[in-house]
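Novice: Below is the file final-v8.pdb, with PDB, C-alpha atoms and all ligand atoms.
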ATOM      1  CA  MET A   1    -124.711  -7.264-151.659  1.00  0.00           C
ATOM      2  CA  GLN A   2    -125.938  -8.199-148.151  1.00  0.00           C
ATOM      3  CA  LYS A   3    -125.930 -11.672-146.573  1.00  0.00           C
ATOM      4  CA  ARG A   4    -129.466 -12.716-145.665  1.00  0.00           C
ATOM      5  CA  GLU A   5    -130.558 -15.972-143.982  1.00  0.00           C
ATOM      6  CA  LEU A   6    -128.396 -19.083-143.932  1.00  0.00           C
ATOM      7  CA  LEU A   7    -129.580 -21.476-146.642  1.00  0.00           C
ATOM      8  CA  TYR A   8    -127.170 -24.370-146.190  1.00  0.00           C
ATOM      9  CA  GLU A   9    -124.101 -25.257-144.159  1.00  0.00           C
ATOM     10  CA  GLY A  10    -121.655 -27.807-145.545  1.00  0.00           C
ATOM     11  CA  LYS A  11    -118.316 -29.072-144.270  1.00  0.00           C
ATOM     12  CA  GLY A  12    -116.276 -26.313-145.922  1.00  0.00           C
ATOM     13  CA  LYS A  13    -118.770 -23.572-146.724  1.00  0.00           C
ATOM     14  CA  ARG A  14    -121.942 -21.771-145.715  1.00  0.00           C
ATOM     15  CA  LEU A  15    -124.439 -20.519-148.298  1.00  0.00           C
ATOM     16  CA  PHE A  16    -126.542 -17.436-147.637  1.00  0.00           C
ATOM     17  CA  LYS A  17    -129.489 -15.932-149.473  1.00  0.00           C
ATOM     18  CA  THR A  18    -129.188 -12.365-150.812  1.00  0.00           C
ATOM     19  CA  ASP A  19    -131.700  -9.720-151.873  1.00  0.00           C
ATOM     20  CA  ASP A  20    -131.534 -11.194-155.367  1.00  0.00           C
ATOM     21  CA  GLU A  21    -133.294 -14.570-155.583  1.00  0.00           C
ATOM     22  CA  ASN A  22    -130.890 -15.734-158.297  1.00  0.00           C
ATOM     23  CA  LEU A  23    -127.714 -14.991-156.322  1.00  0.00           C
ATOM     24  CA  LEU A  24    -126.201 -16.491-153.157  1.00  0.00           C
ATOM     25  CA  ILE A  25    -123.191 -15.650-151.009  1.00  0.00           C
ATOM     26  CA  ALA A  26    -120.770 -18.509-150.285  1.00  0.00           C
ATOM     27  CA  GLU A  27    -118.626 -18.206-147.157  1.00  0.00           C
ATOM     28  CA  PHE A  28    -115.468 -20.334-147.001  1.00  0.00           C
ATOM     29  CA  LYS A  29    -114.885 -21.825-143.538  1.00  0.00           C
ATOM     30  CA  ASP A  30    -111.610 -22.652-141.771  1.00  0.00           C
ATOM     31  CA  ASP A  31    -112.956 -26.093-140.775  1.00  0.00           C
ATOM     32  CA  LEU A  32    -111.406 -29.316-142.034  1.00  0.00           C
ATOM     33  CA  THR A  33    -113.084 -32.704-142.025  1.00  0.00           C
ATOM     34  CA  ALA A  34    -112.039 -36.138-143.248  1.00  0.00           C
ATOM     35  CA  PHE A  35    -113.268 -39.713-143.326  1.00  0.00           C
ATOM     36  CA  ASN A  36    -116.951 -38.808-143.377  1.00  0.00           C
ATOM     37  CA  ALA A  37    -116.412 -35.976-140.870  1.00  0.00           C
ATOM     38  CA  GLU A  38    -115.156 -38.371-138.165  1.00  0.00           C
ATOM     39  CA  LYS A  39    -111.881 -36.427-138.082  1.00  0.00           C
ATOM     40  CA  LYS A  40    -112.363 -32.700-137.508  1.00  0.00           C
ATOM     41  CA  GLY A  41    -110.058 -29.687-137.270  1.00  0.00           C
ATOM     42  CA  THR A  42    -109.710 -25.984-137.939  1.00  0.00           C
ATOM     43  CA  GLU A  43    -106.841 -23.995-139.392  1.00  0.00           C
ATOM     44  CA  GLN A  44    -107.147 -20.227-139.358  1.00  0.00           C
ATOM     45  CA  GLY A  45    -106.832 -18.753-142.840  1.00  0.00           C
ATOM     46  CA  LYS A  46    -107.686 -21.972-144.682  1.00  0.00           C
ATOM     47  CA  GLY A  47    -111.048 -20.610-145.853  1.00  0.00           C
ATOM     48  CA  ALA A  48    -109.487 -17.446-147.277  1.00  0.00           C
ATOM     49  CA  LEU A  49    -106.856 -19.504-149.126  1.00  0.00           C
ATOM     50  CA  ASN A  50    -109.490 -21.793-150.642  1.00  0.00           C
ATOM     51  CA  ASN A  51    -111.557 -18.764-151.656  1.00  0.00           C
ATOM     52  CA  LYS A  52    -108.559 -17.279-153.492  1.00  0.00           C
ATOM     53  CA  ILE A  53    -107.449 -20.578-155.062  1.00  0.00           C
ATOM     54  CA  SER A  54    -110.961 -21.504-156.214  1.00  0.00           C
ATOM     55  CA  THR A  55    -111.572 -18.008-157.621  1.00  0.00           C
ATOM     56  CA  GLU A  56    -108.334 -18.174-159.652  1.00  0.00           C
ATOM     57  CA  LEU A  57    -109.132 -21.657-160.987  1.00  0.00           C
ATOM     58  CA  PHE A  58    -112.751 -20.850-161.849  1.00  0.00           C
ATOM     59  CA  ALA A  59    -111.580 -17.696-163.676  1.00  0.00           C
ATOM     60  CA  LEU A  60    -109.056 -19.786-165.638  1.00  0.00           C
ATOM     61  CA  LEU A  61    -111.742 -22.336-166.543  1.00  0.00           C
ATOM     62  CA  GLU A  62    -114.221 -19.595-167.549  1.00  0.00           C
ATOM     63  CA  LYS A  63    -111.551 -18.185-169.858  1.00  0.00           C
ATOM     64  CA  GLU A  64    -111.292 -21.647-171.432  1.00  0.00           C
ATOM     65  CA  GLY A  65    -115.060 -21.838-172.002  1.00  0.00           C
ATOM     66  CA  ILE A  66    -116.306 -23.728-168.916  1.00  0.00           C
ATOM     67  CA  LYS A  67    -119.455 -22.124-167.469  1.00  0.00           C
ATOM     68  CA  THR A  68    -119.319 -21.657-163.668  1.00  0.00           C
ATOM     69  CA  HIS A  69    -121.531 -20.350-160.876  1.00  0.00           C
ATOM     70  CA  LEU A  70    -118.937 -17.741-159.820  1.00  0.00           C
ATOM     71  CA  VAL A  71    -120.026 -14.108-160.181  1.00  0.00           C
ATOM     72  CA  LYS A  72    -117.265 -12.375-158.191  1.00  0.00           C
ATOM     73  CA  THR A  73    -115.170 -12.458-155.040  1.00  0.00           C
ATOM     74  CA  LEU A  74    -116.594 -10.160-152.351  1.00  0.00           C
ATOM     75  CA  ASP A  75    -113.821 -10.283-149.727  1.00  0.00           C
ATOM     76  CA  ASP A  76    -111.293 -12.713-148.174  1.00  0.00           C
ATOM     77  CA  THR A  77    -113.820 -15.424-147.386  1.00  0.00           C
ATOM     78  CA  HIS A  78    -116.916 -14.589-149.434  1.00  0.00           C
ATOM     79  CA  GLN A  79    -117.970 -15.120-153.056  1.00  0.00           C
ATOM     80  CA  LEU A  80    -121.100 -14.063-154.897  1.00  0.00           C
ATOM     81  CA  VAL A  81    -122.424 -17.051-156.866  1.00  0.00           C
ATOM     82  CA  LYS A  82    -125.376 -17.883-159.084  1.00  0.00           C
ATOM     83  CA  LYS A  83    -128.101 -19.915-157.386  1.00  0.00           C
ATOM     84  CA  VAL A  84    -128.197 -23.436-158.797  1.00  0.00           C
ATOM     85  CA  ASP A  85    -129.783 -26.761-157.903  1.00  0.00           C
ATOM     86  CA  ILE A  86    -126.777 -28.923-157.093  1.00  0.00           C
ATOM     87  CA  ILE A  87    -126.747 -32.243-158.940  1.00  0.00           C
ATOM     88  CA  PRO A  88    -126.031 -34.716-156.107  1.00  0.00           C
ATOM     89  CA  ILE A  89    -123.219 -36.439-157.998  1.00  0.00           C
ATOM     90  CA  GLU A  90    -119.555 -35.937-157.079  1.00  0.00           C
ATOM     91  CA  VAL A  91    -117.618 -36.145-160.338  1.00  0.00           C
ATOM     92  CA  VAL A  92    -114.109 -37.434-159.561  1.00  0.00           C
ATOM     93  CA  VAL A  93    -111.376 -37.373-162.207  1.00  0.00           C
ATOM     94  CA  ARG A  94    -108.115 -39.267-161.586  1.00  0.00           C
ATOM     95  CA  ASN A  95    -104.729 -39.159-163.329  1.00  0.00           C
ATOM     96  CA  ILE A  96    -102.695 -41.094-160.737  1.00  0.00           C
ATOM     97  CA  ALA A  97    -103.993 -43.920-158.541  1.00  0.00           C
ATOM     98  CA  THR A  98    -104.252 -43.174-154.813  1.00  0.00           C
ATOM     99  CA  GLY A  99    -106.883 -42.832-152.080  1.00  0.00           C
ATOM    100  CA  SER A 100    -110.074 -44.829-152.422  1.00  0.00           C
ATOM    101  CA  LEU A 101    -109.134 -46.128-155.898  1.00  0.00           C
ATOM    102  CA  THR A 102    -106.096 -48.009-154.587  1.00  0.00           C
ATOM    103  CA  LYS A 103    -108.080 -49.308-151.601  1.00  0.00           C
ATOM    104  CA  ARG A 104    -111.002 -50.479-153.742  1.00  0.00           C
ATOM    105  CA  LEU A 105    -109.121 -52.052-156.646  1.00  0.00           C
ATOM    106  CA  GLY A 106    -105.639 -52.752-155.301  1.00  0.00           C
ATOM    107  CA  ILE A 107    -103.916 -50.587-157.913  1.00  0.00           C
ATOM    108  CA  LYS A 108    -100.465 -49.549-156.668  1.00  0.00           C
ATOM    109  CA  ASP A 109    -100.405 -46.124-154.987  1.00  0.00           C
ATOM    110  CA  GLY A 110     -98.764 -43.595-157.305  1.00  0.00           C
ATOM    111  CA  GLU A 111     -99.328 -45.588-160.500  1.00  0.00           C
ATOM    112  CA  VAL A 112    -100.003 -43.276-163.468  1.00  0.00           C
ATOM    113  CA  LEU A 113    -103.308 -44.338-165.043  1.00  0.00           C
ATOM    114  CA  PRO A 114    -103.263 -45.190-168.779  1.00  0.00           C
ATOM    115  CA  PHE A 115    -106.002 -42.579-169.320  1.00  0.00           C
ATOM    116  CA  SER A 116    -107.900 -40.137-167.114  1.00  0.00           C
ATOM    117  CA  LEU A 117    -110.576 -41.969-165.177  1.00  0.00           C
ATOM    118  CA  VAL A 118    -113.945 -40.326-164.506  1.00  0.00           C
ATOM    119  CA  GLU A 119    -116.057 -41.706-161.655  1.00  0.00           C
ATOM    120  CA  PHE A 120    -119.415 -40.774-160.123  1.00  0.00           C
ATOM    121  CA  TYR A 121    -120.123 -40.814-156.379  1.00  0.00           C
ATOM    122  CA  TYR A 122    -123.549 -40.301-154.820  1.00  0.00           C
ATOM    123  CA  LYS A 123    -123.380 -37.115-152.716  1.00  0.00           C
ATOM    124  CA  ASP A 124    -125.019 -38.478-149.564  1.00  0.00           C
ATOM    125  CA  ASP A 125    -123.215 -38.248-146.204  1.00  0.00           C
ATOM    126  CA  ASP A 126    -125.516 -40.813-144.540  1.00  0.00           C
ATOM    127  CA  LEU A 127    -124.459 -43.365-147.172  1.00  0.00           C
ATOM    128  CA  ASN A 128    -120.770 -42.275-147.084  1.00  0.00           C
ATOM    129  CA  ASP A 129    -120.851 -40.976-150.695  1.00  0.00           C
ATOM    130  CA  PRO A 130    -120.863 -44.416-152.405  1.00  0.00           C
ATOM    131  CA  ILE A 131    -119.457 -44.932-155.910  1.00  0.00           C
ATOM    132  CA  ILE A 132    -122.260 -45.286-158.481  1.00  0.00           C
ATOM    133  CA  ASN A 133    -122.560 -45.965-162.222  1.00  0.00           C
ATOM    134  CA  ASP A 134    -124.707 -44.368-164.935  1.00  0.00           C
ATOM    135  CA  GLU A 135    -127.665 -46.659-164.293  1.00  0.00           C
ATOM    136  CA  HIS A 136    -127.622 -45.888-160.545  1.00  0.00           C
ATOM    137  CA  CYS A 137    -127.734 -42.171-161.412  1.00  0.00           C
ATOM    138  CA  LEU A 138    -130.813 -42.690-163.593  1.00  0.00           C
ATOM    139  CA  ILE A 139    -132.584 -45.020-161.135  1.00  0.00           C
ATOM    140  CA  LEU A 140    -131.993 -42.508-158.332  1.00  0.00           C
ATOM    141  CA  ASP A 141    -133.241 -39.684-160.608  1.00  0.00           C
ATOM    142  CA  LEU A 142    -130.066 -37.653-159.997  1.00  0.00           C
ATOM    143  CA  VAL A 143    -130.143 -36.291-163.568  1.00  0.00           C
ATOM    144  CA  LYS A 144    -132.817 -35.924-166.227  1.00  0.00           C
ATOM    145  CA  SER A 145    -131.203 -38.011-168.940  1.00  0.00           C
ATOM    146  CA  ARG A 146    -128.214 -40.031-170.087  1.00  0.00           C
ATOM    147  CA  SER A 147    -127.057 -37.034-172.077  1.00  0.00           C
ATOM    148  CA  ASP A 148    -126.654 -35.034-168.823  1.00  0.00           C
ATOM    149  CA  LEU A 149    -124.341 -37.802-167.559  1.00  0.00           C
ATOM    150  CA  GLU A 150    -122.318 -37.599-170.778  1.00  0.00           C
ATOM    151  CA  GLU A 151    -122.128 -33.820-170.284  1.00  0.00           C
ATOM    152  CA  LEU A 152    -120.815 -34.248-166.716  1.00  0.00           C
ATOM    153  CA  LYS A 153    -118.137 -36.668-167.975  1.00  0.00           C
ATOM    154  CA  ARG A 154    -117.211 -34.384-170.876  1.00  0.00           C
ATOM    155  CA  GLN A 155    -116.872 -31.340-168.610  1.00  0.00           C
ATOM    156  CA  GLY A 156    -114.935 -33.364-166.014  1.00  0.00           C
ATOM    157  CA  ARG A 157    -112.421 -34.432-168.685  1.00  0.00           C
ATOM    158  CA  GLU A 158    -112.149 -30.922-170.109  1.00  0.00           C
ATOM    159  CA  ILE A 159    -111.566 -29.392-166.663  1.00  0.00           C
ATOM    160  CA  ASN A 160    -108.901 -32.053-166.090  1.00  0.00           C
ATOM    161  CA  ASP A 161    -107.168 -31.305-169.406  1.00  0.00           C
ATOM    162  CA  ILE A 162    -107.011 -27.583-168.586  1.00  0.00           C
ATOM    163  CA  LEU A 163    -105.956 -27.896-164.934  1.00  0.00           C
ATOM    164  CA  LYS A 164    -103.508 -30.809-165.386  1.00  0.00           C
ATOM    165  CA  LYS A 165    -101.541 -28.826-167.972  1.00  0.00           C
ATOM    166  CA  PHE A 166    -101.735 -25.612-165.905  1.00  0.00           C
ATOM    167  CA  PHE A 167    -100.358 -27.293-162.768  1.00  0.00           C
ATOM    168  CA  GLU A 168     -97.694 -29.302-164.633  1.00  0.00           C
ATOM    169  CA  GLN A 169     -96.290 -25.987-165.880  1.00  0.00           C
ATOM    170  CA  ARG A 170     -96.082 -24.963-162.205  1.00  0.00           C
ATOM    171  CA  GLY A 171     -94.319 -28.100-160.937  1.00  0.00           C
ATOM    172  CA  LEU A 172     -97.382 -29.843-159.519  1.00  0.00           C
ATOM    173  CA  ASN A 173     -99.049 -33.095-160.491  1.00  0.00           C
ATOM    174  CA  LEU A 174    -102.837 -32.884-160.397  1.00  0.00           C
ATOM    175  CA  VAL A 175    -103.365 -36.398-159.031  1.00  0.00           C
ATOM    176  CA  ASP A 176    -107.161 -36.331-158.811  1.00  0.00           C
ATOM    177  CA  PHE A 177    -110.026 -34.001-157.961  1.00  0.00           C
ATOM    178  CA  LYS A 178    -113.728 -33.812-157.212  1.00  0.00           C
ATOM    179  CA  VAL A 179    -116.106 -31.334-158.840  1.00  0.00           C
ATOM    180  CA  GLU A 180    -119.805 -30.637-158.471  1.00  0.00           C
ATOM    181  CA  PHE A 181    -122.232 -29.189-160.969  1.00  0.00           C
ATOM    182  CA  GLY A 182    -125.536 -27.358-160.607  1.00  0.00           C
ATOM    183  CA  VAL A 183    -128.439 -26.411-162.848  1.00  0.00           C
ATOM    184  CA  ASP A 184    -129.384 -22.720-163.059  1.00  0.00           C
ATOM    185  CA  LYS A 185    -132.806 -21.174-163.692  1.00  0.00           C
ATOM    186  CA  ASP A 186    -132.255 -21.391-167.478  1.00  0.00           C
ATOM    187  CA  ASP A 187    -131.345 -25.119-167.279  1.00  0.00           C
ATOM    188  CA  ASN A 188    -127.620 -24.556-167.890  1.00  0.00           C
ATOM    189  CA  ILE A 189    -125.239 -27.005-166.227  1.00  0.00           C
ATOM    190  CA  LEU A 190    -122.687 -24.858-164.322  1.00  0.00           C
ATOM    191  CA  LEU A 191    -119.514 -25.887-162.523  1.00  0.00           C
ATOM    192  CA  SER A 192    -120.315 -25.095-158.866  1.00  0.00           C
ATOM    193  CA  ASP A 193    -118.965 -25.620-155.340  1.00  0.00           C
ATOM    194  CA  GLU A 194    -115.176 -25.080-155.322  1.00  0.00           C
ATOM    195  CA  ILE A 195    -111.878 -26.357-156.698  1.00  0.00           C
ATOM    196  CA  SER A 196    -109.217 -26.157-153.985  1.00  0.00           C
ATOM    197  CA  PRO A 197    -106.685 -28.338-152.136  1.00  0.00           C
ATOM    198  CA  ASP A 198    -109.683 -29.519-150.064  1.00  0.00           C
ATOM    199  CA  SER A 199    -111.086 -31.177-153.195  1.00  0.00           C
ATOM    200  CA  CYS A 200    -107.944 -31.925-155.268  1.00  0.00           C
ATOM    201  CA  ARG A 201    -104.736 -33.833-154.684  1.00  0.00           C
ATOM    202  CA  PHE A 202    -101.539 -31.988-155.643  1.00  0.00           C
ATOM    203  CA  TRP A 203     -98.132 -33.710-155.512  1.00  0.00           C
ATOM    204  CA  ASP A 204     -94.957 -31.693-156.073  1.00  0.00           C
ATOM    205  CA  ILE A 205     -93.377 -33.159-159.230  1.00  0.00           C
ATOM    206  CA  ASP A 206     -89.794 -32.923-157.876  1.00  0.00           C
ATOM    207  CA  THR A 207     -90.128 -33.559-154.135  1.00  0.00           C
ATOM    208  CA  LYS A 208     -93.333 -35.720-154.289  1.00  0.00           C
ATOM    209  CA  GLN A 209     -94.576 -33.671-151.301  1.00  0.00           C
ATOM    210  CA  LYS A 210     -98.355 -33.708-150.814  1.00  0.00           C
ATOM    211  CA  LEU A 211     -99.798 -30.164-150.912  1.00  0.00           C
ATOM    212  CA  ASP A 212    -103.485 -30.883-150.269  1.00  0.00           C
ATOM    213  CA  LYS A 213    -105.988 -32.062-147.674  1.00  0.00           C
ATOM    214  CA  ASP A 214    -104.180 -35.410-147.343  1.00  0.00           C
ATOM    215  CA  ARG A 215    -101.823 -33.441-145.037  1.00  0.00           C
ATOM    216  CA  PHE A 216    -104.750 -33.190-142.616  1.00  0.00           C
ATOM    217  CA  ARG A 217    -106.155 -36.652-143.384  1.00  0.00           C
ATOM    218  CA  GLN A 218    -102.732 -38.292-142.836  1.00  0.00           C
ATOM    219  CA  ASP A 219    -101.360 -35.951-140.107  1.00  0.00           C
ATOM    220  CA  LEU A 220     -98.532 -34.683-142.323  1.00  0.00           C
ATOM    221  CA  GLY A 221     -98.278 -31.180-140.799  1.00  0.00           C
ATOM    222  CA  SER A 222     -99.659 -27.731-141.570  1.00  0.00           C
ATOM    223  CA  VAL A 223    -102.379 -27.542-144.153  1.00  0.00           C
ATOM    224  CA  LYS A 224    -102.072 -23.768-144.438  1.00  0.00           C
ATOM    225  CA  VAL A 225     -98.416 -23.765-145.457  1.00  0.00           C
ATOM    226  CA  ALA A 226     -99.207 -26.288-148.216  1.00  0.00           C
ATOM    227  CA  TYR A 227    -102.251 -24.355-149.469  1.00  0.00           C
ATOM    228  CA  GLU A 228    -100.173 -21.143-149.477  1.00  0.00           C
ATOM    229  CA  GLU A 229     -97.641 -22.936-151.668  1.00  0.00           C
ATOM    230  CA  VAL A 230    -100.403 -24.018-154.102  1.00  0.00           C
ATOM    231  CA  LEU A 231    -101.658 -20.420-154.311  1.00  0.00           C
ATOM    232  CA  LYS A 232     -98.105 -19.153-154.878  1.00  0.00           C
ATOM    233  CA  ARG A 233     -97.674 -21.587-157.793  1.00  0.00           C
ATOM    234  CA  ILE A 234    -101.044 -20.567-159.280  1.00  0.00           C
ATOM    235  CA  LEU A 235    -100.172 -16.872-159.123  1.00  0.00           C
ATOM    236  CA  GLY A 236     -96.745 -17.685-160.616  1.00  0.00           C
TER     237      GLY A 236
HETATM  238  P1  LIG A 301    -110.902 -40.450-152.961  1.00  0.00           P
HETATM  239  O1  LIG A 301    -112.081 -41.115-153.620  1.00  0.00           O
HETATM  240  O2  LIG A 301    -109.604 -41.060-153.386  1.00  0.00           O
HETATM  241  O3  LIG A 301    -111.047 -40.355-151.464  1.00  0.00           O
HETATM  242  O4  LIG A 301    -110.907 -38.939-153.463  1.00  0.00           O
HETATM  243  C1  LIG A 301    -110.680 -38.614-154.825  1.00  0.00           C
HETATM  244  C2  LIG A 301    -110.549 -37.099-154.970  1.00  0.00           C
HETATM  245  O5  LIG A 301    -111.820 -36.485-154.752  1.00  0.00           O
HETATM  246  C3  LIG A 301    -109.602 -36.444-153.956  1.00  0.00           C
HETATM  247  O6  LIG A 301    -108.959 -35.357-154.591  1.00  0.00           O
HETATM  248  C4  LIG A 301    -110.516 -35.945-152.856  1.00  0.00           C
HETATM  249  O7  LIG A 301    -109.971 -34.805-152.215  1.00  0.00           O
HETATM  250  C5  LIG A 301    -111.779 -35.618-153.629  1.00  0.00           C
HETATM  251  N1  LIG A 301    -112.996 -35.904-152.842  1.00  0.00           N
HETATM  252  C6  LIG A 301    -113.688 -37.063-152.767  1.00  0.00           C
HETATM  253  N2  LIG A 301    -114.751 -36.951-151.947  1.00  0.00           N
HETATM  254  C7  LIG A 301    -114.744 -35.689-151.496  1.00  0.00           C
HETATM  255  C8  LIG A 301    -115.621 -34.947-150.616  1.00  0.00           C
HETATM  256  O8  LIG A 301    -116.635 -35.435-150.090  1.00  0.00           O
HETATM  257  N3  LIG A 301    -115.270 -33.647-150.375  1.00  0.00           N
HETATM  258  C9  LIG A 301    -114.165 -33.070-150.939  1.00  0.00           C
HETATM  259  N4  LIG A 301    -113.882 -31.789-150.647  1.00  0.00           N
HETATM  260  N5  LIG A 301    -113.349 -33.725-151.799  1.00  0.00           N
HETATM  261  C10 LIG A 301    -113.628 -35.023-152.068  1.00  0.00           C
END
Hey, can you dump this file as structure tokens for me?
Ligand code: 5GP

Specialist:
Amino acid sequence: MQKRELLYEGKGKRLFKTDDENLLIAEFKDDLTAFNAEKKGTEQGKGALNNKISTELFALLEKEGIKTHLVKTLDDTHQLVKKVDIIPIEVVVRNIATGSLTKRLGIKDGEVLPFSLVEFYYKDDDLNDPIINDEHCLILDLVKSRSDLEELKRQGREINDILKKFFEQRGLNLVDFKVEFGVDKDDNILLSDEISPDSCRFWDIDTKQKLDKDRFRQDLGSVKVAYEEVLKRILG
């Protein structure tokens, strides 16, 4: 499958058209951004690690019945994916309070939440991805119906149940994560984008070490070494 013209360039990936109108090629970049892209960096090999990690996690989720856009890995930094219309809602699921949740509500950093919290953020860089509720989603026409919102929440919780257990067995706490969904030509809602240490927080259960993009956000040292450790745990 050949890469054709560039369709979209995001912070972590480029999307290219292919000869098949229903398929795209996603290229994982080595770039890192934080705080609405004000902080920028690059770490060689980061894209390839995210490609491998995301492929493993999407395959695990597919096996557990979650439908995804992933068709197959093409090489170190490229995936073949189904073309979808991305729903511009970032679905964030949290097990432990940290990041923007602690800042917004004053919950103590590291506090285990009494149940998994699902939040929606409006995927709009110019607005700094603001938190939104169900009514905002409907007013902004981000989904067709309330039942689509329920489906996003249900899938977010199910993905969390699968991944939280998987990582606990490998000595990592899945603190929180962000996922995106898209709608394919047959109107199916598919898990899209990626699941990687760029979009999840992983804390080592024993050492409490952070093994995710917070290393870059908080200047805690090499991102690559941490992402390699996450991949090692996934592969067992
Ligand atoms: P927070 O709202 O605390 O900043 O982030 C919650 C979780 O969602 C974290 O795991 C974070 O990495 C992820 N997240 C939130 N917004 C984005 C985003 O725009 N891009 C990526 N890659 N991850 C995000």

Novice: I need the output of the PyMOL selection byres (((not hetatm)) within 6 of (chain A and resi 301)) for this file as a PyMOL selection string; which residues are they?

Specialist: chain A and resi 92+98-101+176-178+198-201

Novice: Which one of A:Ile189, A:Ile195, A:Ala97, A:Ile87 sits closest to Leu140 of chain A if you count all atoms listed in the file?

Specialist: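 Checking each of A:Ile189, A:Ile195, A:Ala97, A:Ile87 against Leu140 of chain A, counting all atoms listed in the file, the winner is A:Ile87.
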
Novice: Using all atoms listed in the file, can you tell me which of A:Val179, A:Ala48, A:Leu172, A:Leu190 comes closest to Lys224 of chain A?

Specialist: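 Among the listed residues, A:Ala48 lies closest to Lys224 of chain A.
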
Novice: Counting all atoms listed in the file, which residue out of A:Asp187, A:Lys164, A:Pro130, A:Asp193 sits closest to Arg14 of chain A?

Specialist: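 Counting all atoms listed in the file, the residue closest to Arg14 of chain A is A:Asp193.
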
Novice: If you measure from atom CA of Leu142 of chain A to atom CA of Gly156 of chain A, what distance in Å do you get, rounded to one decimal?

Specialist: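 So the two atoms, atom CA of Leu142 of chain A and atom CA of Gly156 of chain A, lie 16.8 Å apart.
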
Novice: Report the residues retrieved by the PyMOL selection byres (((chain A and resi 29-32) around 8) and not hetatm) from the displayed file, expressed as a VMD selection string.

Specialist: chain A and resid 11 to 14 27 to 28 33 to 34 40 to 48 77 216

Novice: Deliver the residues from the most recent selection as a file, using C-alpha atoms, as a PDB file, keeping the file's coordinate frame.

Specialist:
ATOM      1  CA  LYS A  11    -118.316 -29.072-144.270  1.00  0.00           C
ATOM      2  CA  GLY A  12    -116.276 -26.313-145.922  1.00  0.00           C
ATOM      3  CA  LYS A  13    -118.770 -23.572-146.724  1.00  0.00           C
ATOM      4  CA  ARG A  14    -121.942 -21.771-145.715  1.00  0.00           C
ATOM      5  CA  GLU A  27    -118.626 -18.206-147.157  1.00  0.00           C
ATOM      6  CA  PHE A  28    -115.468 -20.334-147.001  1.00  0.00           C
ATOM      7  CA  THR A  33    -113.084 -32.704-142.025  1.00  0.00           C
ATOM      8  CA  ALA A  34    -112.039 -36.138-143.248  1.00  0.00           C
ATOM      9  CA  LYS A  40    -112.363 -32.700-137.508  1.00  0.00           C
ATOM     10  CA  GLY A  41    -110.058 -29.687-137.270  1.00  0.00           C
ATOM     11  CA  THR A  42    -109.710 -25.984-137.939  1.00  0.00           C
ATOM     12  CA  GLU A  43    -106.841 -23.995-139.392  1.00  0.00           C
ATOM     13  CA  GLN A  44    -107.147 -20.227-139.358  1.00  0.00           C
ATOM     14  CA  GLY A  45    -106.832 -18.753-142.840  1.00  0.00           C
ATOM     15  CA  LYS A  46    -107.686 -21.972-144.682  1.00  0.00           C
ATOM     16  CA  GLY A  47    -111.048 -20.610-145.853  1.00  0.00           C
ATOM     17  CA  ALA A  48    -109.487 -17.446-147.277  1.00  0.00           C
ATOM     18  CA  THR A  77    -113.820 -15.424-147.386  1.00  0.00           C
ATOM     19  CA  PHE A 216    -104.750 -33.190-142.616  1.00  0.00           C
TER      20      PHE A 216
END

Novice: Atom CA of Pro197 of chain A and atom CA of Lys82 of chain A, how far apart in Å?

Specialist: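 If I compute the distance from atom CA of Lys82 of chain A to atom CA of Pro197 of chain A, I get 22.5 Å.
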
Novice: Please report the interatomic distance between atom CA of Lys17 of chain A and atom CA of Lys63 of chain A in Å with one decimal.

Specialist: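 Taking atom CA of Lys17 of chain A as the start and atom CA of Lys63 of chain A as the end point, the length is 27.2 Å.
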
Novice: Please check which residues have atoms at most 12 Å from (-99.6, -39.3, -146.6) in the file's coordinates, counting all atoms listed in the file, and write them as a PyMOL selection string.

Specialist: chain A and resi 98-99+109-110+201-203+208-221
